[in-house]
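Inspection log for the structure reproduced underneath, given as structure tokens.
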Amino acid sequence: MFETVYDFCDTVSKFLEDNGYKVKKQVECSDYKIDIAIENPNVAGEFVAGIECDGISYMKA
């Protein structure tokens, strides 16, 4: 179905955007990156949710 975790993240991001959400991918958070972050529509630069997409080995399990 998905060859890489990035394909999965792109699919989820597109679904969210198609449903009216503004998203950013690979948002830095300390030493780590959040795969998909949903922006707060009322406050610039603030996020209301973060989505972590597990690696491809988890998706195939």
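Residue names in the structure tokens use chain letters A, B, ... in the order shown, residue numbers from 1 in each chain, and ligand numbers from 1 in the order shown.
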
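Proximity to A:Val48 at 6 Å, evaluated using only C-alpha atoms and with sequence-adjacent residues fewer than 6 positions away removed, yields Ile38, Glu39 and Asn40 of chain A.
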
Inset, instruction - as a PyMOL selection string, please: all residues of stretch 2-61 of chain A that backbone DSSP puts in strand (DSSP E). - result: chain A and resi 23-29+32-39+47-51

Any chance you could export the current selection's C-alpha atoms as an mmCIF file, in the first residue's frame?
```cif
data_model
loop_
_atom_site.group_PDB
_atom_site.id
_atom_site.type_symbol
_atom_site.label_atom_id
_atom_site.label_comp_id
_atom_site.auth_asym_id
_atom_site.auth_seq_id
_atom_site.Cartn_x
_atom_site.Cartn_y
_atom_site.Cartn_z
ATOM 1 C CA VAL A 23 -0.877 21.281 8.199
ATOM 2 C CA LYS A 24 2.887 21.377 8.410
ATOM 3 C CA LYS A 25 5.095 18.330 8.097
ATOM 4 C CA GLN A 26 8.295 17.518 9.989
ATOM 5 C CA VAL A 27 7.879 20.199 12.673
ATOM 6 C CA GLU A 28 10.809 20.333 15.080
ATOM 7 C CA CYS A 29 10.036 19.745 18.729
ATOM 8 C CA TYR A 32 12.670 15.345 17.583
ATOM 9 C CA LYS A 33 10.308 16.048 14.677
ATOM 10 C CA ILE A 34 6.534 15.692 14.666
ATOM 11 C CA ASP A 35 5.475 14.110 11.365
ATOM 12 C CA ILE A 36 2.291 16.160 10.912
ATOM 13 C CA ALA A 37 1.193 19.198 12.920
ATOM 14 C CA ILE A 38 -2.206 20.865 12.552
ATOM 15 C CA GLU A 39 -2.045 24.633 12.787
ATOM 16 C CA PHE A 47 -0.418 24.043 16.665
ATOM 17 C CA VAL A 48 -3.505 22.317 18.020
ATOM 18 C CA ALA A 49 -2.527 18.714 17.306
ATOM 19 C CA GLY A 50 0.439 16.594 16.358
ATOM 20 C CA ILE A 51 0.369 13.286 14.513
#
```

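When atom CA of A:Glu46 is paired with atom CA of A:Asn19, their separation reads 19.1 Å.
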
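Of the listed residues (A:Asp54, A:Glu3, A:Pro41, A:Phe8), A:Pro41 comes nearest to A:Gly20; the distances count only C-alpha atoms.
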